[in-house]
Amino acid sequence: MRIEFRMDGGIAAFPGLAKPVSIDCEALPPAETARLRSLVERAGILSRRHRKSAPPTPDARAYTIAVDDGGQCRTLTVTEPIADDALRDLVAELRAHADALRGRR
Amino acid sequence: MLRRIAARGTAPQREAALETLATDQTMRLARATHELLEARAHRGLLSVPATAKQRTVYDAQNTETLPGLSVRAEGSPPLADIESNEAYDGLGATFDFFAGVYDRNSVDDEGLHLDATVHYGRRYDNAFWNGQQMVFGDGDGDLFNRFTISLDVIAHELTHGVTGDEAGLVYLGQAGALNESISDVFGSLVKQYARGETAEEADWLIGAGLFTANVKGVALRSLKAPGTAYDDPVLGRDPQPAAMSGYVKTSTDNGGVHTNSGIPNHAFYLAAVALGGHAWEKAGRIWYETLRDKRLKRTATFMQFARYTVANATHFFGKAERKAVAGAWAAVGIKAG
């Protein structure tokens, strides 16, 4: 499974933080792979129905999550505040991965 | 509405408004209690007749549940918690600016109760106005300090509420960049008003103090010199253009609303410096009246907005002001008058 993750918006546009990051789950330690897989499943990304997005809230951040799991692909955009617990947990996990890839603490 | 006319209309308008207010007073009274309670329950709002601040600060205790625990109400003394106090003071300074300078009674000009939630989420790197209240994160401590640290950021967010109530500029493309720019303009003016600074003295920065010492940069944005606020290995470089020649076409960030806002931002700065003195008196007033101008569409372009500022400069002031405003727009590549 491969996940592409991008953060958009917020109070300012930071080119460094807006760059998409690609997470290759198979290259991660097994425990982390399992954790990501279960979060993706719990959030139901691959089975989620497309909903029309609400008009954007000023300065709210939006996340684009593209999951590619052996031919099954799905792209989802979520805007904060995220009401869905499972989606929120997934975004938090992906943010931590993205921060690590960018060399942030 | 009628109260507004009664307070500010011409003599015949006032009379008519007062008469109407008097005749339906009885019915109003009967409905009032019920409506007030309902309005509060549904939206957390409370209308107050006079221009009096009604602030409440909530603490989300590092969850993402809004509004959280009520920790400070209007008139109560400061707490030990710095974020709560900064939020309370920032809401107050913004209210005082709009009331004192433009006779505006809160975000909706109808005495909207100002609510803010602090300590939202964990290491949360953002602040926003969700249509009903302010939300502040603590920052991650690595790149960002607490989001209550800059008065102009608090005022920026509340101004999104003002814009939503007035022009309703859609948050996309040029209208979205105007929406952003108006928040930066009044965000900066609230700070200048609180400090008593002239256009020359002001720093014209948005979010000074928000970055930690790890970041190479002074602020999120600069109205004086767009594109120069930061240049950092992790955040990248401030992407704002200062003129139409640098306009960025993009699908991200709702069509670059935080990027292209540099163009109208810089036009405002140039107009304010050309007009001199306290920027809120002339340039700010012209921009404020344009935001309230019924001709301004929700989907306004830079050119349309610029033309109304030029028209309002003439209407509210005169030829010299018109020249200064038109000149400021021309300098950023917009020939508006």
# chains A, B, ... in the order shown; residues from 1 in each chain; ligands from 1
>>> interface_residues(of="chain A", to="chain B", cutoff="8 Å", atoms="only C-alpha atoms", output="list in words")
Asp8, Gly9, Gly10, Ile11, Ala12, Ala13, Phe14, Pro15, Gly16, Leu17, Pro55, Pro56, Thr57, Pro58, Asp59, Ala60, Pro81, Arg102, Gly103, Arg104 and Arg105 of chain A
>>> residues_around(residues="Leu46 in chain A", least_positions_apart="2", cutoff="7 Å", atoms="only C-alpha atoms", output="MDAnalysis selection string")
chainID A and resid 44 48 74
>>> write_last_selection(atoms="C-alpha atoms", output="short mmCIF file (atom, residue, chain, number, x, y, z; two decimals), in the first residue's frame")
data_model
loop_
_atom_site.label_atom_id
_atom_site.label_comp_id
_atom_site.auth_asym_id
_atom_site.auth_seq_id
_atom_site.Cartn_x
_atom_site.Cartn_y
_atom_site.Cartn_z
CA GLY A 44 -12.97 3.38 5.37
CA ARG A 48 -16.00 5.83 1.33
CA ARG A 74 -8.98 6.30 -3.78
#
>>> residues_around(residues="Val78 in chain A", least_positions_apart="5", cutoff="7 Å", atoms="only C-alpha atoms", output="list in words")
Ala62, Tyr63 and Thr64 of chain A
>>> residues_around(residues="Arg37 in chain A", least_positions_apart="3", cutoff="10 Å", atoms="only C-alpha atoms", output="PyMOL selection string")
chain A and resi 1+25+31-34+40-43+69+90
>>> write_last_selection(atoms="C-alpha atoms", output="CSV table (one decimal), in the first residue's frame")
chain,number,residue,atom,x,y,z
A,1,MET,CA,0.0,0.0,0.0
A,25,CYS,CA,3.9,1.3,3.7
A,31,ALA,CA,4.4,-2.6,13.3
A,32,GLU,CA,4.0,0.8,11.6
A,33,THR,CA,2.6,-0.8,8.4
A,34,ALA,CA,0.0,-2.7,10.4
A,40,VAL,CA,-6.9,3.3,6.7
A,41,GLU,CA,-9.4,0.5,7.1
A,42,ARG,CA,-11.1,2.0,10.1
A,43,ALA,CA,-11.4,5.3,8.3
A,69,ASP,CA,-3.6,-0.5,-2.5
A,90,LEU,CA,-5.5,8.8,10.3
>>> select_by_dssp(residues="range 81-312 of chain B", states="strand (DSSP E)", output="list in words")
Leu114, Asp115, Ala116, Thr117, Val118, His119, Tyr120, Ala127, Phe128, Trp129, Met134, Val135, Phe136, Gly137, Leu205, Ile206, Arg221, Ser222, Asp231, Asp232, Gly236 and Arg237 of chain B
>>> select_by_dssp(residues="range 86-264 of chain B", states="helix (DSSP H, G or I)", output="VMD selection string")
chain B and resid 86 to 102 151 to 165 173 to 195 244 to 246 253 to 260 262 to 264
>>> atom_distance(atom1="CA of Lys53 in chain B", atom2="CA of Tyr193 in chain B")
17.4 Å
>>> closest_residue(among="A:Thr79, A:Leu101, A:Arg35, A:Pro30", to="Arg61 in chain A", atoms="only C-alpha atoms")
A:Thr79
>>> closest_residue(among="B:Gly90, B:Pro67, B:Pro78, B:Gly327", to="Val190 in chain B", atoms="only C-alpha atoms")
B:Gly90
>>> atom_distance(atom1="CA of Val91 in chain A", atom2="CA of Thr77 in chain A")
10.7 Å
>>> residues_around(residues="His278 in chain B", least_positions_apart="3", cutoff="7 Å", atoms="only C-alpha atoms", output="VMD selection string")
chain B and resid 197 to 199 281
>>> write_last_selection(atoms="C-alpha atoms", output="PDB file, in the first residue's frame")
ATOM      1  CA  GLU B 197       1.078  53.850  15.272  1.00  0.00           C
ATOM      2  CA  THR B 198       1.065  55.823  12.039  1.00  0.00           C
ATOM      3  CA  ALA B 199       1.394  54.151   8.631  1.00  0.00           C
ATOM      4  CA  GLU B 281      -8.635  56.889   9.311  1.00  0.00           C
TER       5      GLU B 281
END
>>> closest_residue(among="B:Ser181, B:Thr212, B:Gln132, B:Thr51", to="Asp103 in chain B", atoms="only C-alpha atoms")
B:Thr51
>>> atom_distance(atom1="CA of Gly187 in chain B", atom2="CA of Ala155 in chain B")
4.5 Å
>>> residues_around(residues="Asp89 in chain B", least_positions_apart="6", cutoff="12 Å", atoms="only C-alpha atoms", output="number ranges by chain")
B: 53-57, 72-79, 82-83, 95-96, 114-116, 148-152, 154-155, 190-191, 194
>>> write_last_selection(atoms="C-alpha atoms", output="short mmCIF file (atom, residue, chain, number, x, y, z; two decimals), in the first residue's frame")
data_model
loop_
_atom_site.label_atom_id
_atom_site.label_comp_id
_atom_site.auth_asym_id
_atom_site.auth_seq_id
_atom_site.Cartn_x
_atom_site.Cartn_y
_atom_site.Cartn_z
CA LYS B 53 -18.19 43.47 24.48
CA GLN B 54 -19.45 40.03 25.41
CA ARG B 55 -16.50 37.65 25.41
CA THR B 56 -16.14 34.08 26.60
CA VAL B 57 -12.93 32.07 26.46
CA ARG B 72 -13.17 33.25 31.39
CA ALA B 73 -16.30 35.35 30.92
CA GLU B 74 -16.67 39.06 30.22
CA GLY B 75 -15.37 41.20 33.03
CA SER B 76 -13.74 38.41 35.00
CA PRO B 77 -10.10 38.79 36.07
CA PRO B 78 -7.11 37.37 34.16
CA LEU B 79 -6.19 33.72 34.64
CA ILE B 82 -1.42 33.06 29.09
CA GLU B 83 -3.32 31.76 26.01
CA PHE B 95 -14.01 44.69 19.11
CA ASP B 96 -12.76 48.09 20.35
CA LEU B 114 -17.32 36.76 20.84
CA ASP B 115 -16.24 33.25 21.75
CA ALA B 116 -12.77 31.76 21.54
CA THR B 148 -2.71 33.63 20.42
CA ILE B 149 0.69 35.36 20.43
CA SER B 150 -0.01 37.88 17.63
CA LEU B 151 -2.84 40.37 17.95
CA ASP B 152 -2.96 40.76 14.16
CA ILE B 154 -6.54 37.18 16.17
CA ALA B 155 -7.91 40.23 14.37
CA VAL B 190 -6.18 46.52 14.83
CA LYS B 191 -2.56 46.20 15.95
CA ALA B 194 -3.85 49.38 19.76
#
>>> closest_residue(among="A:Phe5, A:Ile82, A:Glu26, A:Arg95", to="Gly70 in chain A", atoms="only C-alpha atoms")
A:Glu26
